[in-house]
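> Sharing protein-v8.tsv below, TSV, C-alpha atoms:
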chain	number	residue	atom	x	y	z
A	1313	MET	CA	3.89	20.38	17.26
A	1314	LYS	CA	1.47	18.72	19.68
A	1315	THR	CA	-1.67	17.46	17.93
A	1316	LEU	CA	-4.88	18.02	19.88
A	1317	PHE	CA	-7.18	14.98	19.78
A	1318	LEU	CA	-10.89	15.81	20.25
A	1319	SER	CA	-13.99	13.64	20.46
A	1320	ALA	CA	-16.96	14.81	18.41
A	1321	ALA	CA	-19.06	14.14	21.51
A	1322	ASP	CA	-17.14	16.74	23.53
A	1323	PRO	CA	-19.28	19.92	23.94
A	1324	ILE	CA	-16.27	22.15	23.20
A	1325	CYS	CA	-15.18	20.19	20.12
A	1326	ALA	CA	-16.83	22.25	17.36
A	1327	GLU	CA	-15.85	25.63	18.79
A	1328	THR	CA	-12.26	24.55	19.49
A	1329	ALA	CA	-11.80	23.12	15.99
A	1330	ALA	CA	-13.43	26.17	14.39
A	1331	ASN	CA	-11.10	28.51	16.25
A	1332	ILE	CA	-8.08	26.57	14.98
A	1333	ILE	CA	-9.35	26.89	11.41
A	1334	LYS	CA	-10.03	30.60	11.86
A	1335	SER	CA	-6.47	31.07	13.10
A	1336	GLY	CA	-5.01	29.37	10.02
A	1337	GLY	CA	-4.42	25.90	11.44
A	1338	LEU	CA	-5.06	22.38	10.15
A	1339	VAL	CA	-7.88	20.22	11.54
A	1340	ALA	CA	-8.65	16.65	10.48
A	1341	ILE	CA	-12.43	16.44	10.21
A	1342	PRO	CA	-14.75	13.43	9.95
A	1343	THR	CA	-17.24	13.09	7.11
A	1344	GLU	CA	-19.48	10.29	5.89
A	1345	THR	CA	-16.98	9.57	3.09
A	1346	VAL	CA	-13.42	9.79	4.49
A	1347	TYR	CA	-11.61	12.00	7.00
A	1348	GLY	CA	-10.52	15.31	5.50
A	1349	LEU	CA	-7.54	17.55	6.27
A	1350	GLY	CA	-9.29	20.88	6.71
A	1351	ALA	CA	-8.17	24.51	6.59
A	1352	ASN	CA	-9.60	27.92	5.74
A	1353	GLY	CA	-10.22	27.58	2.00
A	1354	LEU	CA	-10.01	31.36	1.49
A	1355	SER	CA	-6.52	31.66	2.98
A	1356	GLU	CA	-3.53	31.06	0.70
A	1357	GLU	CA	-1.26	30.37	3.68
A	1358	ALA	CA	-3.68	27.97	5.37
A	1359	VAL	CA	-4.27	26.03	2.14
A	1360	LYS	CA	-0.51	25.86	1.55
A	1361	LYS	CA	-0.21	23.94	4.82
A	1362	ILE	CA	-2.57	21.25	3.46
A	1363	PHE	CA	-0.35	20.66	0.44
A	1364	GLU	CA	2.76	20.56	2.62
A	1365	ALA	CA	1.26	18.16	5.19
A	1366	LYS	CA	0.00	15.76	2.52
A	1367	GLY	CA	2.87	16.10	0.05
A	1368	ARG	CA	0.14	16.89	-2.47
A	1369	PRO	CA	0.86	18.10	-6.03
A	1370	GLN	CA	0.03	21.81	-6.37
A	1371	ASP	CA	-2.14	21.29	-9.47
A	1372	ASN	CA	-4.48	18.88	-7.65
A	1373	PRO	CA	-7.60	20.96	-6.80
A	1374	LEU	CA	-9.19	21.03	-3.35
A	1375	ILE	CA	-12.88	20.75	-2.50
A	1376	LEU	CA	-14.56	23.50	-0.46
A	1377	HIS	CA	-16.84	22.11	2.22
A	1378	ILE	CA	-19.81	24.32	3.08
A	1379	ALA	CA	-22.43	24.26	5.82
A	1380	GLY	CA	-25.49	24.13	3.57
A	1381	PRO	CA	-26.86	24.48	0.02
A	1382	GLU	CA	-27.67	28.14	0.67
A	1383	GLN	CA	-23.94	28.89	0.47
A	1384	ILE	CA	-23.52	27.82	-3.17
A	1385	GLU	CA	-24.04	31.37	-4.42
A	1386	GLU	CA	-21.39	32.73	-2.03
A	1387	PHE	CA	-18.59	30.91	-3.84
A	1388	ALA	CA	-19.83	30.16	-7.37
A	1389	HIS	CA	-21.47	32.07	-10.22
A	1390	HIS	CA	-23.33	31.17	-13.42
A	1391	ILE	CA	-24.93	28.33	-11.49
A	1392	PRO	CA	-27.09	26.03	-13.64
A	1393	GLN	CA	-30.42	24.71	-12.41
A	1394	GLY	CA	-28.89	21.24	-12.24
A	1395	ALA	CA	-26.70	22.31	-9.32
A	1396	TYR	CA	-29.72	23.33	-7.28
A	1397	ASP	CA	-31.51	20.12	-8.23
A	1398	LEU	CA	-28.55	17.99	-7.18
A	1399	ALA	CA	-28.13	19.89	-3.90
A	1400	GLU	CA	-31.82	19.47	-3.09
A	1401	ARG	CA	-31.64	15.73	-3.74
A	1402	PHE	CA	-28.25	14.77	-2.32
A	1403	TRP	CA	-27.04	17.39	0.18
A	1404	PRO	CA	-25.95	16.92	2.86
A	1405	GLY	CA	-24.25	13.94	1.28
A	1406	PRO	CA	-21.33	12.42	-0.63
A	1407	LEU	CA	-21.55	14.64	-3.73
A	1408	THR	CA	-19.20	17.38	-4.95
A	1409	ILE	CA	-20.38	19.80	-7.65
A	1410	ILE	CA	-17.87	21.61	-9.89
A	1411	LEU	CA	-18.97	25.17	-10.74
A	1412	PRO	CA	-17.41	28.44	-11.98
A	1413	ALA	CA	-15.49	29.94	-9.04
A	1414	LYS	CA	-15.90	33.50	-7.82
A	1415	ASP	CA	-12.73	35.54	-8.28
A	1416	PHE	CA	-11.86	35.86	-4.58
A	1417	ILE	CA	-11.30	32.11	-4.14
A	1418	PRO	CA	-7.52	31.54	-4.14
A	1419	ARG	CA	-6.10	29.78	-7.16
A	1420	ARG	CA	-4.04	27.67	-4.76
A	1421	THR	CA	-7.34	26.22	-3.57
A	1422	THR	CA	-8.67	25.57	-7.08
A	1423	GLY	CA	-5.43	24.12	-8.45
A	1424	GLY	CA	-4.97	27.19	-10.66
A	1425	LEU	CA	-8.39	26.79	-12.28
A	1426	ASN	CA	-11.37	29.15	-12.53
A	1427	THR	CA	-13.67	26.39	-11.26
A	1428	VAL	CA	-14.31	25.14	-7.75
A	1429	GLY	CA	-15.72	21.97	-6.18
A	1430	LEU	CA	-18.37	22.48	-3.49
A	1431	ARG	CA	-19.71	19.88	-1.07
A	1432	CYS	CA	-21.98	19.85	1.97
A	1433	PRO	CA	-20.92	16.84	4.08
A	1434	ASP	CA	-23.42	14.62	5.87
A	1435	CYS	CA	-21.74	14.94	9.26
A	1436	ASP	CA	-23.29	17.12	11.96
A	1437	ILE	CA	-20.07	17.94	13.83
A	1438	THR	CA	-18.24	18.95	10.65
A	1439	ARG	CA	-21.05	21.18	9.40
A	1440	GLU	CA	-21.08	22.85	12.81
A	1441	ILE	CA	-17.31	23.38	12.64
A	1442	ILE	CA	-17.73	24.97	9.21
A	1443	ARG	CA	-20.57	27.18	10.45
A	1444	LEU	CA	-18.66	28.38	13.51
A	1445	SER	CA	-15.46	29.01	11.55
A	1446	GLY	CA	-17.35	31.33	9.18
A	1447	VAL	CA	-15.33	30.16	6.15
A	1448	PRO	CA	-15.55	27.32	3.62
A	1449	VAL	CA	-13.23	24.52	4.68
A	1450	ALA	CA	-10.88	23.17	2.02
A	1451	ALA	CA	-10.43	19.51	2.89
A	1452	PRO	CA	-8.87	16.78	0.77
A	1453	SER	CA	-8.68	13.27	2.22
A	1454	ALA	CA	-6.40	13.29	5.24
A	1455	ASN	CA	-3.98	10.59	4.04
A	1456	ILE	CA	-0.44	11.20	2.83
A	1457	SER	CA	-0.82	11.94	-0.88
A	1458	GLY	CA	-1.12	8.82	-3.03
A	1459	LYS	CA	-1.64	6.49	-0.07
A	1460	PRO	CA	-4.91	4.81	0.99
A	1461	SER	CA	-7.42	7.27	2.40
A	1462	THR	CA	-8.23	7.68	6.09
A	1463	THR	CA	-11.57	6.31	7.32
A	1464	THR	CA	-10.90	6.48	11.08
A	1465	ALA	CA	-9.30	9.06	13.35
A	1466	GLN	CA	-6.63	6.46	14.15
A	1467	HIS	CA	-5.63	6.38	10.48
A	1468	VAL	CA	-5.18	10.15	10.59
A	1469	ARG	CA	-3.19	9.94	13.80
A	1470	HIS	CA	-0.88	7.39	12.17
A	1471	ASP	CA	-0.20	9.74	9.23
A	1472	HIS	CA	-0.21	13.15	10.89
A	1473	GLU	CA	0.26	13.12	14.67
A	1474	GLY	CA	2.72	15.88	15.53
A	1475	ARG	CA	2.30	17.41	12.06
A	1476	ILE	CA	-1.17	19.03	12.26
A	1477	ASP	CA	-2.98	21.04	14.93
A	1478	CYS	CA	-6.03	18.92	15.68
A	1479	ILE	CA	-7.85	15.65	14.91
A	1480	VAL	CA	-11.61	15.40	15.50
A	1481	ASP	CA	-12.69	11.80	16.16
A	1482	GLY	CA	-16.18	11.24	14.75
A	1483	GLY	CA	-15.92	7.45	14.53
A	1484	PRO	CA	-15.55	5.29	11.41
A	1485	CYS	CA	-16.72	6.76	8.12
A	1486	ARG	CA	-20.04	5.33	6.96
A	1487	VAL	CA	-19.53	5.47	3.17
A	1488	GLY	CA	-15.77	4.88	3.15
A	1489	VAL	CA	-14.88	6.22	-0.31
A	1490	GLU	CA	-14.51	9.85	-1.38
A	1491	SER	CA	-17.43	11.85	-2.73
A	1492	THR	CA	-18.85	11.57	-6.22
A	1493	ILE	CA	-17.71	14.55	-8.32
A	1494	VAL	CA	-19.83	15.92	-11.16
A	1495	ASP	CA	-18.75	18.85	-13.36
A	1496	LEU	CA	-21.53	21.26	-14.37
A	1497	THR	CA	-19.33	23.83	-16.14
A	1498	GLU	CA	-19.60	22.25	-19.59
A	1499	ARG	CA	-22.49	21.79	-22.00
A	1500	ARG	CA	-23.14	18.28	-20.69
A	1501	PRO	CA	-22.75	17.16	-17.05
A	1502	ARG	CA	-19.60	15.10	-16.61
A	1503	LEU	CA	-18.78	12.49	-13.96
A	1504	LEU	CA	-15.20	13.10	-12.83
A	1505	ARG	CA	-15.09	10.66	-9.91
A	1506	PRO	CA	-17.59	8.01	-8.79
A	1507	GLY	CA	-18.46	7.77	-5.10
A	1508	GLY	CA	-21.37	7.26	-2.75
A	1509	ILE	CA	-23.80	8.70	-5.30
A	1510	GLY	CA	-23.94	6.45	-8.36
A	1511	PRO	CA	-24.11	7.51	-12.03
A	1512	GLU	CA	-27.63	6.13	-12.23
A	1513	GLU	CA	-28.79	8.46	-9.45
A	1514	LEU	CA	-27.17	11.47	-11.13
A	1515	LEU	CA	-28.91	10.62	-14.39
A	1516	GLU	CA	-32.28	10.57	-12.63
A	1517	VAL	CA	-31.76	14.22	-11.67
A	1518	LEU	CA	-29.77	15.59	-14.60
A	1519	GLY	CA	-31.17	13.56	-17.49
A	1520	ASP	CA	-27.72	13.40	-19.10
A	1521	LEU	CA	-24.21	12.41	-17.98
A	1522	VAL	CA	-20.82	11.90	-19.62
A	1523	VAL	CA	-18.27	9.68	-17.85
A	1524	ASP	CA	-14.80	11.23	-17.97
A	1525	LYS	CA	-11.99	9.02	-19.28
A	1526	ALA	CA	-10.12	9.45	-15.96
A	1527	VAL	CA	-12.78	7.25	-14.32
A	1528	THR	CA	-11.92	4.22	-16.44
A	1529	ALA	CA	-8.27	4.69	-17.45
A	1530	GLN	CA	-5.02	6.33	-16.40
A	1531	ILE	CA	-4.66	9.80	-17.95
A	1532	ASP	CA	-1.50	11.65	-18.95
A	1533	LYS	CA	0.42	13.41	-16.17
A	1534	ASP	CA	0.44	16.67	-18.17
A	1535	GLU	CA	-3.35	16.91	-18.51
A	1536	VAL	CA	-5.20	19.67	-16.65
A	1537	VAL	CA	-7.86	18.21	-14.36
A	1538	LYS	CA	-10.80	19.82	-12.56
A	1539	ALA	CA	-11.08	17.53	-9.56
A	1540	PRO	CA	-9.00	15.57	-7.05
A	1541	GLY	CA	-7.97	12.00	-7.75
A	1542	MET	CA	-8.12	12.19	-11.56
A	1543	LYS	CA	-4.50	12.28	-12.67
A	1544	TYR	CA	-2.13	10.78	-10.10
A	1545	ARG	CA	-1.84	7.22	-8.80
A	1546	HIS	CA	-4.02	7.16	-5.71
A	1547	TYR	CA	-5.08	4.95	-2.82
A	1548	ALA	CA	-2.13	2.61	-3.32
A	1549	PRO	CA	-0.13	0.53	-0.83
A	1550	GLN	CA	3.63	0.30	-1.39
A	1551	SER	CA	3.41	-3.01	-3.23
A	1552	GLU	CA	2.10	-3.58	-6.75
A	1553	VAL	CA	-1.63	-4.31	-6.95
A	1554	VAL	CA	-3.14	-6.56	-9.63
A	1555	ILE	CA	-6.92	-6.84	-10.00
A	1556	VAL	CA	-8.08	-10.31	-11.00
A	1557	GLY	CA	-11.51	-10.53	-12.61
A	1558	GLY	CA	-13.65	-13.52	-13.53
A	1559	SER	CA	-15.59	-16.15	-11.63
A	1560	ARG	CA	-14.58	-17.05	-8.10
A	1561	GLU	CA	-13.16	-20.40	-9.17
A	1562	LYS	CA	-11.22	-19.09	-12.19
A	1563	ALA	CA	-9.86	-16.13	-10.25
A	1564	ALA	CA	-8.73	-18.37	-7.38
A	1565	ALA	CA	-7.05	-20.76	-9.82
A	1566	TYR	CA	-5.22	-17.89	-11.53
A	1567	ILE	CA	-4.07	-16.33	-8.26
A	1568	ARG	CA	-2.93	-19.65	-6.79
A	1569	SER	CA	-0.91	-20.43	-9.92
A	1570	HIS	CA	0.90	-17.08	-9.69
A	1571	PHE	CA	1.08	-16.65	-5.91
A	1572	GLU	CA	4.57	-16.47	-4.38
A	1573	PRO	CA	5.83	-16.11	-0.79
A	1574	GLY	CA	5.41	-12.49	0.29
A	1575	ASP	CA	2.26	-11.92	-1.79
A	1576	ARG	CA	-1.17	-11.17	-0.33
A	1577	VAL	CA	-4.74	-11.64	-1.54
A	1578	LEU	CA	-7.46	-9.02	-1.05
A	1579	CYS	CA	-10.83	-10.70	-1.51
A	1580	PHE	CA	-14.49	-10.81	-0.55
A	1581	GLU	CA	-15.41	-12.47	2.74
A	1582	GLU	CA	-17.31	-15.17	0.85
A	1583	GLU	CA	-14.06	-16.16	-0.92
A	1584	LEU	CA	-11.73	-16.54	2.07
A	1585	SER	CA	-11.88	-20.35	2.01
A	1586	LEU	CA	-10.62	-20.35	-1.61
A	1587	TYR	CA	-7.33	-18.75	-0.55
A	1588	GLU	CA	-6.28	-20.85	2.44
A	1589	GLY	CA	-2.51	-20.71	2.70
A	1590	CYS	CA	-2.34	-17.47	0.66
A	1591	ASN	CA	-2.68	-15.09	3.60
A	1592	PRO	CA	-6.01	-13.60	2.37
A	1593	LEU	CA	-7.55	-10.40	3.71
A	1594	SER	CA	-11.28	-9.72	3.37
A	1595	TYR	CA	-12.51	-6.16	2.94
A	1596	GLY	CA	-16.25	-6.92	3.06
A	1597	LEU	CA	-19.08	-8.98	1.62
A	1598	GLU	CA	-19.59	-9.25	-2.13
A	1599	ALA	CA	-23.29	-9.55	-1.34
A	1600	ASP	CA	-23.26	-6.17	0.46
A	1601	VAL	CA	-21.24	-3.63	-1.51
A	1602	ASN	CA	-21.59	-1.05	1.27
A	1603	THR	CA	-19.34	-3.22	3.46
A	1604	LEU	CA	-16.77	-3.23	0.64
A	1605	SER	CA	-16.72	0.56	0.35
A	1606	ALA	CA	-16.57	0.96	4.12
A	1607	GLY	CA	-13.75	-1.59	4.47
A	1608	LEU	CA	-11.64	-0.91	1.37
A	1609	PHE	CA	-9.25	1.76	2.61
A	1610	ALA	CA	-8.68	0.13	5.99
A	1611	ALA	CA	-7.68	-3.04	4.12
A	1612	LEU	CA	-5.41	-1.15	1.72
A	1613	ARG	CA	-3.72	0.54	4.67
A	1614	GLU	CA	-3.11	-2.86	6.29
A	1615	LEU	CA	-1.51	-3.96	3.00
A	1616	ASP	CA	0.74	-0.87	2.94
A	1617	ASP	CA	3.70	-2.91	4.14
A	1618	PRO	CA	7.16	-2.95	2.50
A	1619	SER	CA	7.47	-6.69	3.20
A	1620	ILE	CA	4.58	-7.45	0.80
A	1621	HIS	CA	5.70	-8.08	-2.77
A	1622	GLN	CA	2.40	-8.09	-4.66
A	1623	VAL	CA	-1.32	-7.89	-3.88
A	1624	TYR	CA	-3.89	-9.81	-5.91
A	1625	ALA	CA	-7.25	-8.06	-5.50
A	1626	ARG	CA	-10.81	-9.06	-6.22
A	1627	CYS	CA	-13.14	-6.29	-7.36
A	1628	PRO	CA	-16.96	-6.05	-7.36
A	1629	VAL	CA	-18.91	-5.50	-10.57
A	1630	GLY	CA	-21.97	-3.34	-11.21
A	1631	GLY	CA	-23.06	0.24	-10.70
A	1632	GLY	CA	-23.74	2.46	-7.71
A	1633	VAL	CA	-21.25	2.19	-4.88
A	1634	ALA	CA	-19.68	-0.87	-6.56
A	1635	TYR	CA	-18.65	1.42	-9.41
A	1636	ALA	CA	-16.82	3.65	-6.92
A	1637	VAL	CA	-15.04	0.67	-5.33
A	1638	GLN	CA	-13.95	-0.48	-8.80
A	1639	ASN	CA	-12.55	2.99	-9.51
A	1640	ARG	CA	-10.53	3.15	-6.28
A	1641	LEU	CA	-9.10	-0.33	-6.71
A	1642	LYS	CA	-8.19	0.32	-10.34
A	1643	LYS	CA	-6.46	3.56	-9.31
A	1644	ALA	CA	-4.54	1.65	-6.64
A	1645	ALA	CA	-3.56	-0.91	-9.29
A	1646	ALA	CA	-2.68	1.75	-11.89
A	1647	PHE	CA	-5.42	0.05	-13.98
A	1648	HIS	CA	-3.55	-3.30	-14.08
A	1649	VAL	CA	-6.44	-5.75	-14.54
A	1650	VAL	CA	-6.24	-9.45	-15.46
A	1651	ASP	CA	-9.28	-11.43	-16.68
A	1652	ALA	CA	-8.88	-14.93	-15.29
A	1653	GLU	CA	-11.50	-16.23	-17.73
A	1654	GLU	CA	-9.17	-15.42	-20.61
A	1655	GLU	CA	-5.91	-16.42	-18.91
A	1656	LEU	CA	-6.91	-19.96	-17.95
Using the file provided, produce a representation of the structure as structure tokens.


Amino acid sequence: MKTLFLSAADPICAETAANIIKSGGLVAIPTETVYGLGANGLSEEAVKKIFEAKGRPQDNPLILHIAGPEQIEEFAHHIPQGAYDLAERFWPGPLTIILPAKDFIPRRTTGGLNTVGLRCPDCDITREIIRLSGVPVAAPSANISGKPSTTTAQHVRHDHEGRIDCIVDGGPCRVGVESTIVDLTERRPRLLRPGGIGPEELLEVLGDLVVDKAVTAQIDKDEVVKAPGMKYRHYAPQSEVVIVGGSREKAAAYIRSHFEPGDRVLCFEEELSLYEGCNPLSYGLEADVNTLSAGLFAALRELDDPSIHQVYARCPVGGGVAYAVQNRLKKAAAFHVVDAEEEL
């Protein structure tokens, strides 16, 4: 298969990509979060191609991307007021809302569940592709399943050139981590995955929020989950990742005492001088968490190298986007965290 590579600035881009989706093909689409691997979310055969291209487990639900909040009622029912309030506040944007799915949505799309995740992405070209295709676009992150997500079109090309129909290049992703997911199908709203919208912002709108255990710990492989990224090891390079917490000095002392040839250090830019001789890689500024979220997956992809034995990673603290970066790094590390304050 020859993969068509389109620039979002090309006048024919949206129509060409939409026609591929309408015909049952796969199109990698840019969003503000990460690049998605998109297909007609109402077609069993088209959605099957997503799972095959990614090597994705069949029980891992997909998110339906829609062109605007007015489409919520097309694909969901028994919609609580909170969904409309969230859409008004955060859409277009990095938020996915889990709602009861209408019966015509394929169970292959929903991971066998009677619920569906809906999102309106903050990316003009992608919303236009959705609008022109006339269907909701099912689009998980465009990486090979379990590997670090794709935040540039070049990342997608590395993973999928010759395996999908089209890649739309919309430039680097602004947010850099997948969307926040909130479940509104239970009595209390539940955060299933942190992202560009922080728990504090959700609370301002909803007035109540439960944090699912999958956000803070590894859950059993047999559990049924309502959203992507909850159950399986995600975002991980080939080597083992260990998160080292504590002060800069204590963390550096711990890492240096355990560092061996073939290891790497993933740290904040402000800490690079502490790891001279340890082959450090910065993924952004601790003082600007948005640079960390934007740079995380590109750094993890650079560390996806079989010659690397172990990665020692530094993780930001706090809420908002920092909370999402913590979640992704802990998933990559299978929640292996060391507190240098206690170890030294």

> Please return the centre and edge lengths, in Å to one decimal, of a box with edges along x, y and z that contains all listed atoms of region 1395-1414 of chain A, widened by 6 Å on every side, as AutoDock Vina command-line options.


--center_x -23.7 --center_y 23.0 --center_z -4.6 --size_x 28.3 --size_y 33.1 --size_z 26.8

> Pick out the closest residue to Cys1325 (chain A) from this set: A:Val1428, A:Ile1437, A:Ala1599, A:Leu1407. Count all atoms listed in the file.

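Distance minimum relative to Cys1325 (chain A) lands on A:Ile1437.
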
> If you measure from CA of Lys1643 (chain A) to CA of His1472 (chain A), what distance in Å do you get, rounded to one decimal?

23.2 Å

> Need the shell around Gly1348 (chain A): protein/DNA/RNA residues with any atom at most 12 Å away, counting all atoms listed in the file. Skip same-chain ones fewer than 5 positions apart. Format as a ChimeraX atom specification?

/A:1338-1343,1362,1366,1374-1377,1433,1435,1438,1449-1456,1461-1465,1467-1468,1472,1478-1482,1485,1488-1491

> What separation in Å, quoted to one decimal, exists between CA of Cys1590 (chain A) and CA of Asp1651 (chain A)?

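Computing it gives 19.6 Å between the two atoms.
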
> Return the single residue from A:Pro1406, A:Val1623, A:Gly1394, A:Gly1446 that is closest to Glu1498 (chain A), with distances computed using only C-alpha atoms.

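With only C-alpha atoms as the atom set, the closest residue is A:Gly1394.
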
> Need to verify the contact set: Thr1528 (chain A), 10 Å, only C-alpha atoms, exclusion of same-chain residues closer than 3 positions in sequence. Can you return it as a PDB file with C-alpha atoms, in the frame of the given file?


ATOM      1  CA  ARG A1505     -15.090  10.660  -9.910  1.00  0.00           C
ATOM      2  CA  VAL A1523     -18.270   9.680 -17.850  1.00  0.00           C
ATOM      3  CA  ASP A1524     -14.800  11.230 -17.970  1.00  0.00           C
ATOM      4  CA  LYS A1525     -11.990   9.020 -19.280  1.00  0.00           C
ATOM      5  CA  ILE A1531      -4.660   9.800 -17.950  1.00  0.00           C
ATOM      6  CA  GLN A1638     -13.950  -0.480  -8.800  1.00  0.00           C
ATOM      7  CA  ASN A1639     -12.550   2.990  -9.510  1.00  0.00           C
ATOM      8  CA  LYS A1642      -8.190   0.320 -10.340  1.00  0.00           C
ATOM      9  CA  LYS A1643      -6.460   3.560  -9.310  1.00  0.00           C
ATOM     10  CA  PHE A1647      -5.420   0.050 -13.980  1.00  0.00           C
TER      11      PHE A1647
END

> List as a list in words the protein and nucleic acid residues near Tyr1587 (chain A), meaning an atom at most 9 Å away when only C-alpha atoms are counted, but skip any in the same chain fewer than 3 places from it.

Ala1564, Ile1567, Arg1568, Val1577, Cys1579, Glu1583, Leu1584, Cys1590, Asn1591 and Pro1592 of chain A

> Could you check which of A:Ser1445, A:Thr1427, A:Ser1569, A:Ser1594 is closest to Phe1609 (chain A), using only C-alpha atoms?

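Comparing A:Ser1445, A:Thr1427, A:Ser1569, A:Ser1594 against Phe1609 (chain A), the winner is A:Ser1594.
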
> So which one's closest to His1648 (chain A), A:Ala1379, A:Val1556, A:Ala1321, A:Leu1425? Using all atoms listed in the file, please.

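Using all atoms listed in the file, His1648 (chain A) sits closest to A:Val1556.
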
> Would you compute the distance between CA of Leu1496 (chain A) and CA of Ser1355 (chain A)? Give it in Å to one decimal.

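For CA of Leu1496 (chain A) relative to CA of Ser1355 (chain A), the distance reads 25.2 Å.
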